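Novice: See entry.cif below, with mmCIF, C-alpha atoms.
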data_query
loop_
_atom_site.label_atom_id
_atom_site.label_comp_id
_atom_site.auth_asym_id
_atom_site.auth_seq_id
_atom_site.Cartn_x
_atom_site.Cartn_y
_atom_site.Cartn_z
CA MET A 1 -15.26 -30.33 -17.53
CA ASN A 2 -14.85 -31.47 -13.99
CA PRO A 3 -14.09 -28.31 -11.97
CA PHE A 4 -12.89 -30.44 -9.08
CA PRO A 5 -10.64 -33.05 -10.72
CA ASP A 6 -9.06 -33.98 -7.41
CA ARG A 7 -12.37 -34.62 -5.69
CA SER A 8 -14.00 -38.03 -5.85
CA PRO A 9 -17.77 -38.03 -6.29
CA PRO A 10 -19.75 -38.93 -3.19
CA ALA A 11 -21.01 -42.47 -2.69
CA ILE A 12 -24.24 -43.50 -4.36
CA GLY A 13 -27.10 -42.73 -2.02
CA THR A 14 -25.42 -39.73 -0.44
CA VAL A 15 -27.86 -36.95 0.41
CA LEU A 16 -26.61 -33.86 -1.41
CA SER A 17 -29.03 -31.25 -0.13
CA ARG A 18 -32.36 -30.57 1.53
CA GLY A 19 -34.77 -27.69 0.97
CA ARG A 20 -38.37 -26.54 1.01
CA TYR A 21 -40.73 -25.21 -1.66
CA LEU A 22 -44.08 -23.44 -1.32
CA ILE A 23 -46.41 -23.77 -4.29
CA ASP A 24 -48.50 -20.67 -3.80
CA ALA A 25 -51.18 -19.50 -6.21
CA ALA A 26 -48.81 -17.04 -7.87
CA ALA A 27 -46.19 -19.73 -8.48
CA ASP A 28 -48.81 -22.05 -9.99
CA ALA A 29 -50.17 -19.25 -12.19
CA ARG A 30 -46.66 -18.40 -13.37
CA LEU A 31 -45.79 -21.95 -14.30
CA ARG A 32 -49.17 -22.41 -15.98
CA ARG A 33 -48.59 -19.26 -18.06
CA LEU A 34 -45.15 -20.49 -19.14
CA ALA A 35 -46.50 -23.97 -19.89
CA GLY A 36 -49.49 -22.67 -21.85
CA ALA A 37 -51.96 -24.17 -19.39
CA GLY A 38 -55.36 -22.95 -18.28
CA PRO A 39 -56.22 -21.99 -14.70
CA ALA A 40 -55.90 -24.53 -11.90
CA LYS A 41 -58.96 -26.53 -10.96
CA GLY A 42 -59.61 -27.85 -7.47
CA GLY A 43 -56.38 -26.71 -5.88
CA GLU A 44 -54.19 -29.17 -7.77
CA ALA A 45 -50.88 -27.71 -8.94
CA HIS A 46 -49.74 -28.18 -12.54
CA ALA A 47 -48.10 -31.59 -12.89
CA GLY A 48 -44.94 -29.86 -14.15
CA PHE A 49 -44.32 -28.85 -10.55
CA ALA A 50 -42.87 -32.29 -9.87
CA LEU A 51 -39.65 -31.22 -11.58
CA ALA A 52 -39.95 -27.57 -10.56
CA VAL A 53 -40.25 -28.50 -6.89
CA ALA A 54 -37.52 -31.14 -7.10
CA LEU A 55 -34.95 -28.90 -8.76
CA GLY A 56 -36.08 -25.48 -7.53
CA GLY A 57 -36.65 -26.66 -3.98
CA ALA A 58 -33.50 -28.71 -3.46
CA GLY A 59 -32.06 -26.03 -1.21
CA VAL A 60 -29.12 -25.29 -3.49
CA PRO A 61 -28.92 -24.35 -7.19
CA VAL A 62 -28.73 -27.16 -9.73
CA ARG A 63 -25.13 -26.13 -10.42
CA ALA A 64 -24.21 -26.85 -6.79
CA LEU A 65 -25.70 -30.36 -7.03
CA PHE A 66 -23.49 -30.98 -10.06
CA GLU A 67 -20.43 -29.56 -8.34
CA ALA A 68 -21.04 -31.76 -5.32
CA CYS A 69 -20.69 -34.70 -7.72
CA GLY A 70 -17.51 -33.34 -9.30
CA LEU A 71 -19.26 -32.06 -12.42
CA GLY A 72 -19.87 -28.63 -13.93
CA PHE A 73 -21.90 -26.76 -16.55
CA GLU A 74 -18.96 -25.96 -18.83
CA THR A 75 -19.79 -28.57 -21.46
CA GLY A 76 -23.52 -27.86 -21.67
CA PRO A 77 -25.29 -30.70 -19.85
CA VAL A 78 -28.80 -31.63 -20.98
CA LEU A 79 -31.60 -33.63 -19.41
CA GLY A 80 -31.68 -37.13 -20.85
CA ARG A 81 -34.41 -38.91 -18.94
CA CYS A 82 -36.71 -38.45 -16.00
CA ARG A 83 -39.10 -40.59 -14.02
CA VAL A 84 -41.75 -39.34 -11.64
CA GLU A 85 -44.00 -41.27 -9.29
CA TRP A 86 -46.80 -39.40 -7.59
CA ASP A 87 -48.42 -40.82 -4.46
CA ARG A 88 -50.81 -37.89 -4.72
CA PRO A 89 -50.93 -34.68 -6.77
CA LEU A 90 -48.96 -31.68 -5.54
CA ALA A 91 -51.28 -28.98 -4.23
CA ILE A 92 -51.44 -25.21 -4.36
CA GLY A 93 -50.91 -23.59 -0.96
CA ARG A 94 -48.79 -26.42 0.42
CA THR A 95 -45.11 -26.36 1.40
CA TYR A 96 -43.00 -29.38 0.48
CA ALA A 97 -39.73 -30.71 1.86
CA ILE A 98 -37.25 -31.94 -0.74
CA GLU A 99 -34.29 -34.25 -0.28
CA ALA A 100 -31.84 -34.60 -3.18
CA SER A 101 -29.45 -37.53 -3.35
CA LEU A 102 -26.98 -39.08 -5.77
CA ALA A 103 -28.50 -42.17 -7.41
CA GLY A 104 -25.91 -42.88 -10.07
CA LEU A 105 -22.89 -41.55 -11.94
CA ALA A 106 -21.31 -43.38 -14.86
CA ARG A 107 -19.31 -42.45 -17.93
CA LYS A 108 -20.88 -43.71 -21.16
CA ARG A 109 -20.37 -43.26 -24.87
CA SER A 110 -23.11 -42.28 -27.33
CA ARG A 111 -23.41 -41.20 -30.96
CA ARG A 112 -25.08 -37.96 -29.91
CA PHE A 113 -22.63 -36.82 -27.24
CA GLY A 114 -19.50 -38.94 -27.54
CA ALA A 115 -18.15 -39.61 -24.06
CA ALA A 116 -20.44 -38.25 -21.38
CA ASP A 117 -21.06 -38.60 -17.68
CA HIS A 118 -24.61 -39.70 -16.87
CA LEU A 119 -25.61 -38.16 -13.57
CA ILE A 120 -28.69 -39.61 -11.89
CA LEU A 121 -30.21 -37.53 -9.10
CA ALA A 122 -33.10 -38.69 -6.95
CA PHE A 123 -35.49 -36.28 -5.26
CA ALA A 124 -38.00 -37.16 -2.56
CA ILE A 125 -40.85 -34.66 -2.18
CA SER A 126 -42.79 -34.81 1.09
CA ASP A 127 -45.33 -32.87 3.08
CA ASP A 128 -46.49 -33.23 6.68
CA ALA A 129 -48.41 -36.40 5.75
CA GLY A 130 -45.38 -38.13 4.19
CA CYS A 131 -43.93 -38.75 0.75
CA CYS A 132 -45.94 -37.19 -2.11
CA ALA A 133 -43.69 -37.82 -5.10
CA ARG A 134 -40.34 -39.21 -6.16
CA VAL A 135 -38.41 -37.74 -9.08
CA GLU A 136 -35.35 -39.17 -10.76
CA THR A 137 -33.45 -37.19 -13.38
CA THR A 138 -30.67 -38.42 -15.64
CA THR A 139 -28.53 -35.60 -16.97
CA ILE A 140 -25.97 -36.11 -19.72
CA VAL A 141 -22.79 -34.16 -19.09
CA PRO A 142 -20.51 -34.27 -22.14
CA VAL A 143 -16.85 -34.92 -21.46
CA PRO A 144 -14.44 -32.67 -23.39
CA ALA A 145 -12.80 -34.51 -26.31
CA MET B 1 -58.03 -40.96 -28.53
CA SER B 2 -55.37 -38.65 -29.97
CA THR B 3 -55.15 -34.87 -29.61
CA SER B 4 -52.51 -32.30 -30.57
CA ARG B 5 -51.77 -28.72 -29.69
CA SER B 6 -48.92 -26.32 -30.37
CA PHE B 7 -46.84 -24.16 -28.03
CA ALA B 8 -45.39 -20.92 -29.39
CA GLY B 9 -43.66 -18.01 -27.65
CA ILE B 10 -40.63 -20.10 -26.73
CA ASP B 11 -37.89 -17.49 -26.34
CA THR B 12 -34.92 -16.62 -24.15
CA ALA B 13 -37.08 -14.45 -21.87
CA ALA B 14 -39.35 -17.42 -21.11
CA MET B 15 -36.28 -19.62 -20.62
CA ARG B 16 -34.97 -17.13 -18.04
CA GLU B 17 -38.22 -17.50 -16.11
CA TRP B 18 -37.99 -21.29 -16.25
CA CYS B 19 -34.38 -21.14 -15.05
CA ALA B 20 -35.40 -18.93 -12.11
CA ILE B 21 -38.11 -21.43 -11.14
CA LEU B 22 -35.74 -24.39 -11.49
CA GLY B 23 -32.70 -22.80 -9.84
CA ASP B 24 -30.78 -23.64 -13.01
CA ASP B 25 -28.24 -21.21 -14.47
CA ASN B 26 -26.94 -23.55 -17.18
CA PRO B 27 -25.76 -20.98 -19.76
CA ILE B 28 -27.11 -22.94 -22.75
CA HIS B 29 -30.57 -21.75 -21.63
CA LEU B 30 -29.53 -18.12 -21.12
CA ASP B 31 -26.78 -17.14 -23.52
CA PRO B 32 -26.96 -17.85 -27.27
CA ALA B 33 -23.21 -17.33 -27.66
CA THR B 34 -22.48 -20.06 -25.12
CA ALA B 35 -25.06 -22.35 -26.71
CA GLU B 36 -23.37 -21.85 -30.08
CA ALA B 37 -19.88 -22.38 -28.66
CA LEU B 38 -21.04 -25.71 -27.21
CA GLY B 39 -22.46 -26.91 -30.51
CA PHE B 40 -26.17 -26.23 -30.03
CA GLY B 41 -26.36 -23.57 -32.77
CA PRO B 42 -26.94 -19.82 -32.39
CA ARG B 43 -30.08 -20.01 -30.23
CA THR B 44 -30.67 -20.77 -26.57
CA VAL B 45 -31.88 -24.24 -25.58
CA ASN B 46 -35.23 -24.59 -23.84
CA PRO B 47 -34.87 -26.35 -20.44
CA GLY B 48 -36.01 -29.97 -20.50
CA PRO B 49 -38.52 -29.49 -17.66
CA ALA B 50 -40.21 -26.76 -19.74
CA ASN B 51 -40.61 -29.19 -22.65
CA LEU B 52 -42.07 -31.77 -20.29
CA ALA B 53 -44.46 -29.16 -18.87
CA TYR B 54 -45.87 -28.55 -22.40
CA LEU B 55 -46.65 -32.24 -22.66
CA LEU B 56 -48.26 -32.28 -19.22
CA THR B 57 -50.38 -29.27 -20.20
CA ALA B 58 -51.53 -31.12 -23.32
CA LEU B 59 -52.33 -34.12 -21.13
CA GLU B 60 -54.27 -31.95 -18.66
CA ASP B 61 -56.34 -30.66 -21.59
CA ALA B 62 -56.91 -34.12 -23.05
CA ALA B 63 -57.71 -35.91 -19.78
CA PRO B 64 -59.22 -33.35 -17.39
CA GLY B 65 -60.62 -36.05 -15.11
CA ALA B 66 -57.27 -37.74 -14.54
CA THR B 67 -53.99 -36.93 -12.86
CA PRO B 68 -50.58 -38.53 -13.50
CA ALA B 69 -49.62 -41.42 -11.24
CA SER B 70 -46.25 -42.09 -12.86
CA LEU B 71 -44.23 -40.80 -15.77
CA ASP B 72 -41.21 -42.01 -17.73
CA ALA B 73 -39.76 -39.50 -20.19
CA ALA B 74 -36.89 -39.65 -22.68
CA PHE B 75 -35.40 -36.39 -23.91
CA LEU B 76 -34.25 -37.07 -27.46
CA GLY B 77 -33.49 -33.61 -28.80
CA ASN B 78 -33.81 -29.90 -28.13
CA VAL B 79 -36.38 -27.15 -28.51
CA MET B 80 -34.64 -23.88 -29.31
CA SER B 81 -35.57 -20.22 -28.89
CA GLY B 82 -38.02 -19.24 -31.64
CA ASP B 83 -39.29 -22.77 -32.16
CA THR B 84 -42.92 -23.84 -31.97
CA ALA B 85 -43.42 -27.17 -30.21
CA ILE B 86 -46.23 -29.55 -31.12
CA ALA B 87 -47.50 -31.91 -28.41
CA THR B 88 -49.49 -35.02 -29.22
CA VAL B 89 -51.36 -37.07 -26.60
CA GLU B 90 -52.67 -40.57 -27.21
CA ILE B 91 -54.72 -42.14 -24.44
CA GLU B 92 -55.56 -45.81 -24.24
CA GLY B 93 -57.20 -46.93 -21.02
CA GLU B 94 -55.16 -45.55 -18.14
CA THR B 95 -52.00 -45.04 -20.19
CA ALA B 96 -51.09 -41.87 -22.07
CA ARG B 97 -48.32 -41.66 -24.63
CA LEU B 98 -46.98 -38.16 -25.12
CA ASP B 99 -44.83 -36.89 -27.97
CA LEU B 100 -43.25 -33.45 -28.48
CA ARG B 101 -41.92 -32.36 -31.85
CA VAL B 102 -40.61 -29.07 -33.24
CA ALA B 103 -42.68 -27.57 -36.05
CA GLN B 104 -40.80 -27.32 -39.34
CA GLU B 105 -40.82 -24.32 -41.71
CA ASP B 106 -43.61 -25.96 -43.73
CA ASN B 107 -45.57 -26.26 -40.42
CA GLY B 108 -45.22 -30.04 -40.48
CA PRO B 109 -44.08 -31.84 -37.34
CA GLY B 110 -40.37 -32.67 -37.20
CA ARG B 111 -38.78 -35.55 -35.37
CA SER B 112 -39.57 -36.29 -31.74
CA VAL B 113 -37.56 -34.36 -29.17
CA LEU B 114 -39.35 -35.76 -26.12
CA MET B 115 -41.42 -38.89 -25.60
CA ALA B 116 -43.14 -39.87 -22.39
CA GLU B 117 -45.45 -42.56 -21.10
CA VAL B 118 -47.77 -41.65 -18.26
CA GLU B 119 -49.92 -43.89 -16.09
CA LEU B 120 -53.11 -42.05 -15.16
CA ARG B 121 -55.19 -42.05 -12.01
CA MET B 122 -58.80 -40.84 -11.99
CA ARG B 123 -59.42 -37.95 -9.61
CA ASP B 124 -61.62 -38.97 -6.66
CA ASP B 125 -64.39 -36.51 -7.53
CA ASP B 126 -64.48 -37.70 -11.15
CA ARG B 127 -64.41 -41.33 -10.04
CA SER B 128 -67.35 -40.64 -7.69
CA ALA B 129 -69.27 -38.96 -10.50
CA ALA B 130 -68.55 -41.89 -12.83
CA ASP B 131 -69.63 -44.40 -10.16
CA ALA B 132 -72.82 -42.42 -9.47
CA GLY B 133 -73.60 -42.24 -13.18
#
So, in terms of structure tokens, how does the structure I just supplied come out?
Specialist:
Amino acid sequence: MNPFPDRSPPAIGTVLSRGRYLIDAAADARLRRLAGAGPAKGGEAHAGFALAVALGGAGVPVRALFEACGLGFETGPVLGRCRVEWDRPLAIGRTYAIEASLAGLARKRSRRFGAADHLILAFAISDDAGCCARVETTTIVPVPA
Amino acid sequence: MSTSRSFAGIDTAAMREWCAILGDDNPIHLDPATAEALGFGPRTVNPGPANLAYLLTALEDAAPGATPASLDAAFLGNVMSGDTAIATVEIEGETARLDLRVAQEDNGPGRSVLMAEVELRMRDDDRSAADAG
């Protein structure tokens, strides 16, 4: 359900938030434990950090990103697709800057969800040397019947 | 080359940790009653990034000399609290195809819930070792 029915979503390309994320050794060890991975080798963070840094480092909770686009969690949104491009691996001990922007929002119909809004968010992950990775998530937000 | 491994211990407590990392308080991951009310059944839903992380762990195990350069993933279904997920990695050249399924009661793999294609990049130290060899 759209909690802000009177609010139009922002224009495509609008920056929704900015934040920072430190991948310290404890954070890498925690994610590796949850992901069933062995210890890190050579200072490279687990590749799953691409999404963890994008979403967890956006500067606001995921819910707030949705609300900024006129959407909410009431209908149980689920991740539908994601793309990641790494210019270089994310590293343990490094702090990253994250910029989250709206890349797409369209209402579609599917057998699995019926009518649903497809929210595409783009995340740019950078360090002092420039862009390290780009993440794009498509979340399917069912529309109440 | 094809390898498989399973991931157990998927429960609501682990989902809470994932949600804390991701800054995601979507109640389908945290509250079984909400998950059921929204049609997911009486168990919490594992966050999609957690499912993807299992695949990336399986890839790390299968290709220790490589790191992902790009990834395209389609989330086709859900892993629920109490499930065991089975990850399969097939590597051909510099492309890896990853598949995550939920184990069935007879321990056989069910249908795919997540499929991903990953382009791989050799790590510099491994490339140097290969060139020297």
Novice: Applied to the shown file, which residues does the PyMOL selection byres ((chain A) within 7 of (chain B)) return, written as a list in words?
Specialist: Leu34, Ala35, Gly36, Ala37, Ala47, Gly48, Leu51, Ala52, Leu55, Gly56, Pro61, Val62, Arg63, Phe73, Thr75, Gly76, Leu79, Gly80, Arg81, Cys82, Arg83, Val84, Glu85, Trp86 and Asp87 of chain A
Novice: Based on the selection just made, write C-alpha atoms of those residues as a PDB file, keeping the file's coordinate frame.
Specialist:
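What landed in selection20.pdb:
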ATOM      1  CA  LEU A  34     -45.150 -20.490 -19.140  1.00  0.00           C
ATOM      2  CA  ALA A  35     -46.500 -23.970 -19.890  1.00  0.00           C
ATOM      3  CA  GLY A  36     -49.490 -22.670 -21.850  1.00  0.00           C
ATOM      4  CA  ALA A  37     -51.960 -24.170 -19.390  1.00  0.00           C
ATOM      5  CA  ALA A  47     -48.100 -31.590 -12.890  1.00  0.00           C
ATOM      6  CA  GLY A  48     -44.940 -29.860 -14.150  1.00  0.00           C
ATOM      7  CA  LEU A  51     -39.650 -31.220 -11.580  1.00  0.00           C
ATOM      8  CA  ALA A  52     -39.950 -27.570 -10.560  1.00  0.00           C
ATOM      9  CA  LEU A  55     -34.950 -28.900  -8.760  1.00  0.00           C
ATOM     10  CA  GLY A  56     -36.080 -25.480  -7.530  1.00  0.00           C
ATOM     11  CA  PRO A  61     -28.920 -24.350  -7.190  1.00  0.00           C
ATOM     12  CA  VAL A  62     -28.730 -27.160  -9.730  1.00  0.00           C
ATOM     13  CA  ARG A  63     -25.130 -26.130 -10.420  1.00  0.00           C
ATOM     14  CA  PHE A  73     -21.900 -26.760 -16.550  1.00  0.00           C
ATOM     15  CA  THR A  75     -19.790 -28.570 -21.460  1.00  0.00           C
ATOM     16  CA  GLY A  76     -23.520 -27.860 -21.670  1.00  0.00           C
ATOM     17  CA  LEU A  79     -31.600 -33.630 -19.410  1.00  0.00           C
ATOM     18  CA  GLY A  80     -31.680 -37.130 -20.850  1.00  0.00           C
ATOM     19  CA  ARG A  81     -34.410 -38.910 -18.940  1.00  0.00           C
ATOM     20  CA  CYS A  82     -36.710 -38.450 -16.000  1.00  0.00           C
ATOM     21  CA  ARG A  83     -39.100 -40.590 -14.020  1.00  0.00           C
ATOM     22  CA  VAL A  84     -41.750 -39.340 -11.640  1.00  0.00           C
ATOM     23  CA  GLU A  85     -44.000 -41.270  -9.290  1.00  0.00           C
ATOM     24  CA  TRP A  86     -46.800 -39.400  -7.590  1.00  0.00           C
ATOM     25  CA  ASP A  87     -48.420 -40.820  -4.460  1.00  0.00           C
TER      26      ASP A  87
END
Novice: Expressed in Å to a single decimal, how great is the separation between atom CA of Ser17 of chain A and atom CA of Phe49 of chain A?
Specialist: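 Rounded to one decimal, the two atoms are 18.7 Å apart.
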Novice: When you draw a straight line from atom CA of Arg30 of chain A to atom CA of Leu30 of chain B, how long is it in Å?
Specialist: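 If I compute the distance from atom CA of Arg30 of chain A to atom CA of Leu30 of chain B, I get 18.8 Å.
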Novice: Here's the selection I'm unsure about, the PyMOL selection byres ((chain A and resi 134) around 8); applied to the file above, which residues does it give, as a list of chain:residue names?
Specialist: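 Answer for the PyMOL selection byres ((chain A and resi 134) around 8): A:Val84, A:Glu85, A:Trp86, A:Ala122, A:Phe123, A:Ala124, A:Ile125, A:Cys131, A:Cys132, A:Ala133, A:Val135, A:Glu136.
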Novice: Output C-alpha atoms for every residue in that selection, as an mmCIF file, in the frame of the given file.
Specialist:
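Saved as part_31.cif:
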data_model
loop_
_atom_site.group_PDB
_atom_site.id
_atom_site.type_symbol
_atom_site.label_atom_id
_atom_site.label_comp_id
_atom_site.auth_asym_id
_atom_site.auth_seq_id
_atom_site.Cartn_x
_atom_site.Cartn_y
_atom_site.Cartn_z
ATOM 1 C CA VAL A 84 -41.750 -39.340 -11.640
ATOM 2 C CA GLU A 85 -44.000 -41.270 -9.290
ATOM 3 C CA TRP A 86 -46.800 -39.400 -7.590
ATOM 4 C CA ALA A 122 -33.100 -38.690 -6.950
ATOM 5 C CA PHE A 123 -35.490 -36.280 -5.260
ATOM 6 C CA ALA A 124 -38.000 -37.160 -2.560
ATOM 7 C CA ILE A 125 -40.850 -34.660 -2.180
ATOM 8 C CA CYS A 131 -43.930 -38.750 0.750
ATOM 9 C CA CYS A 132 -45.940 -37.190 -2.110
ATOM 10 C CA ALA A 133 -43.690 -37.820 -5.100
ATOM 11 C CA VAL A 135 -38.410 -37.740 -9.080
ATOM 12 C CA GLU A 136 -35.350 -39.170 -10.760
#
Novice: Decode the PyMOL selection byres ((chain A and resi 58) around 7) for the given file into explicit residues and return them as a PyMOL selection string.
Specialist: chain A and resi 17-20+54-57+59-60+98-100
Novice: Show which residues sit within 6 Å of Ala45 of chain A, as a count of residues only. Count only C-alpha atoms, and ignore same-chain residues fewer than 2 positions away.
Specialist: 3
Novice: Identify which of the residues A:Thr139, A:Ser8, A:Ser126, A:Thr14 lies closest to Ala103 of chain A, counting only C-alpha atoms when measuring atom-to-atom distances.
Specialist: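 With only C-alpha atoms as the atom set, the closest residue is A:Thr14.
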Novice: What are the centre and the three edge lengths of an axis-aligned box that wraps all atoms of segment 17-21 of chain B in the file, given that 3 Å is added to every side, written as JSON and rounded to one decimal in Å?
Specialist:
{"center_x": -36.3, "center_y": -19.5, "center_z": -13.7, "size_x": 9.8, "size_y": 9.9, "size_z": 11.1}
Novice: Would you mind reading off the distance between atom CA of Phe66 of chain A and atom CA of Arg32 of chain A, one decimal, in Å?
Specialist: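 Spanning atom CA of Phe66 of chain A to atom CA of Arg32 of chain A is a straight-line distance of 27.7 Å.
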Novice: Just the residues within 9 Å of Arg5 of chain B, please, counting only C-alpha atoms, with nothing from its chain fewer than 4 positions along; format it as a VMD selection string.
Specialist: chain B and resid 58 85 to 89
Novice: Between B:Val102, B:Val79, B:Thr84, B:Arg97, which residue has the minimum interatomic distance to Val78 of chain A, considering all atoms listed in the file?
Specialist: B:Val79
Novice: Need to verify the contact set: Ala40 of chain A, 8 Å, only C-alpha atoms, exclusion of same-chain residues closer than 4 positions in sequence. Can you return it as a count of residues only?
Specialist: 5
Novice: So that I can check the surroundings of Asp127 of chain A, please list as JSON, numbers by chain every protein, DNA and RNA residue that reaches within 8 Å of it, counting all atoms listed in the file and ignoring chain neighbours fewer than 3 positions away.
Specialist: {"A": [94, 95, 96, 97, 130, 131, 132]}
Novice: Compare B:Gly93, B:Arg16, B:Gly82, B:Ala66 by their minimum atom-to-atom distance to Pro42 of chain B, counting all atoms listed in the file, and give me the closest one.
Specialist: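 Smallest separation from Pro42 of chain B among the options: B:Gly82.
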Novice: From the structure just shown, export segment 64-83 of chain A with N, CA and C atoms as a PDB file, in the first residue's frame.
Specialist:
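Output file selection26.pdb is given in full below:
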ATOM      1  N   ALA A  64      12.874   3.710   4.388  1.00  0.00           N
ATOM      2  CA  ALA A  64      12.834   5.136   4.047  1.00  0.00           C
ATOM      3  C   ALA A  64      13.055   5.345   2.549  1.00  0.00           C
ATOM      4  N   LEU A  65      13.882   4.496   1.934  1.00  0.00           N
ATOM      5  CA  LEU A  65      14.064   4.595   0.474  1.00  0.00           C
ATOM      6  C   LEU A  65      12.741   4.314  -0.229  1.00  0.00           C
ATOM      7  N   PHE A  66      12.025   3.300   0.259  1.00  0.00           N
ATOM      8  CA  PHE A  66      10.729   2.968  -0.327  1.00  0.00           C
ATOM      9  C   PHE A  66       9.757   4.139  -0.138  1.00  0.00           C
ATOM     10  N   GLU A  67       9.727   4.663   1.076  1.00  0.00           N
ATOM     11  CA  GLU A  67       8.772   5.737   1.376  1.00  0.00           C
ATOM     12  C   GLU A  67       9.071   6.980   0.545  1.00  0.00           C
ATOM     13  N   ALA A  68      10.341   7.213   0.265  1.00  0.00           N
ATOM     14  CA  ALA A  68      10.699   8.359  -0.573  1.00  0.00           C
ATOM     15  C   ALA A  68      10.149   8.208  -1.980  1.00  0.00           C
ATOM     16  N   CYS A  69       9.857   6.954  -2.357  1.00  0.00           N
ATOM     17  CA  CYS A  69       9.306   6.680  -3.698  1.00  0.00           C
ATOM     18  C   CYS A  69       7.804   6.439  -3.638  1.00  0.00           C
ATOM     19  N   GLY A  70       7.195   6.726  -2.471  1.00  0.00           N
ATOM     20  CA  GLY A  70       5.750   6.583  -2.346  1.00  0.00           C
ATOM     21  C   GLY A  70       5.299   5.159  -2.101  1.00  0.00           C
ATOM     22  N   LEU A  71       6.215   4.296  -1.658  1.00  0.00           N
ATOM     23  CA  LEU A  71       5.886   2.892  -1.431  1.00  0.00           C
ATOM     24  C   LEU A  71       6.111   2.529   0.032  1.00  0.00           C
ATOM     25  N   GLY A  72       5.567   1.379   0.440  1.00  0.00           N
ATOM     26  CA  GLY A  72       5.735   0.937   1.819  1.00  0.00           C
ATOM     27  C   GLY A  72       5.992  -0.552   1.893  1.00  0.00           C
ATOM     28  N   PHE A  73       6.081  -1.066   3.119  1.00  0.00           N
ATOM     29  CA  PHE A  73       6.355  -2.486   3.355  1.00  0.00           C
ATOM     30  C   PHE A  73       5.074  -3.282   3.631  1.00  0.00           C
ATOM     31  N   GLU A  74       3.913  -2.619   3.581  1.00  0.00           N
ATOM     32  CA  GLU A  74       2.693  -3.262   4.071  1.00  0.00           C
ATOM     33  C   GLU A  74       2.279  -4.491   3.282  1.00  0.00           C
ATOM     34  N   THR A  75       2.674  -4.573   2.025  1.00  0.00           N
ATOM     35  CA  THR A  75       2.250  -5.708   1.207  1.00  0.00           C
ATOM     36  C   THR A  75       3.339  -6.765   1.056  1.00  0.00           C
ATOM     37  N   GLY A  76       4.442  -6.629   1.778  1.00  0.00           N
ATOM     38  CA  GLY A  76       5.477  -7.649   1.736  1.00  0.00           C
ATOM     39  C   GLY A  76       6.314  -7.650   0.473  1.00  0.00           C
ATOM     40  N   PRO A  77       7.038  -6.579   0.206  1.00  0.00           N
ATOM     41  CA  PRO A  77       7.889  -6.547  -0.998  1.00  0.00           C
ATOM     42  C   PRO A  77       9.000  -7.586  -0.927  1.00  0.00           C
ATOM     43  N   VAL A  78       9.399  -8.088  -2.089  1.00  0.00           N
ATOM     44  CA  VAL A  78      10.511  -9.051  -2.176  1.00  0.00           C
ATOM     45  C   VAL A  78      11.455  -8.623  -3.293  1.00  0.00           C
ATOM     46  N   LEU A  79      12.712  -9.005  -3.119  1.00  0.00           N
ATOM     47  CA  LEU A  79      13.720  -8.713  -4.142  1.00  0.00           C
ATOM     48  C   LEU A  79      13.444  -9.577  -5.377  1.00  0.00           C
ATOM     49  N   GLY A  80      13.430  -8.946  -6.539  1.00  0.00           N
ATOM     50  CA  GLY A  80      13.155  -9.684  -7.761  1.00  0.00           C
ATOM     51  C   GLY A  80      14.372  -9.909  -8.628  1.00  0.00           C
ATOM     52  N   ARG A  81      15.293  -8.958  -8.610  1.00  0.00           N
ATOM     53  CA  ARG A  81      16.455  -9.045  -9.477  1.00  0.00           C
ATOM     54  C   ARG A  81      17.557  -8.149  -8.912  1.00  0.00           C
ATOM     55  N   CYS A  82      18.777  -8.481  -9.162  1.00  0.00           N
ATOM     56  CA  CYS A  82      19.836  -7.522  -8.851  1.00  0.00           C
ATOM     57  C   CYS A  82      20.996  -7.719  -9.805  1.00  0.00           C
ATOM     58  N   ARG A  83      21.668  -6.634 -10.064  1.00  0.00           N
ATOM     59  CA  ARG A  83      22.872  -6.632 -10.896  1.00  0.00           C
ATOM     60  C   ARG A  83      23.962  -5.929 -10.113  1.00  0.00           C
TER      61      ARG A  83
END
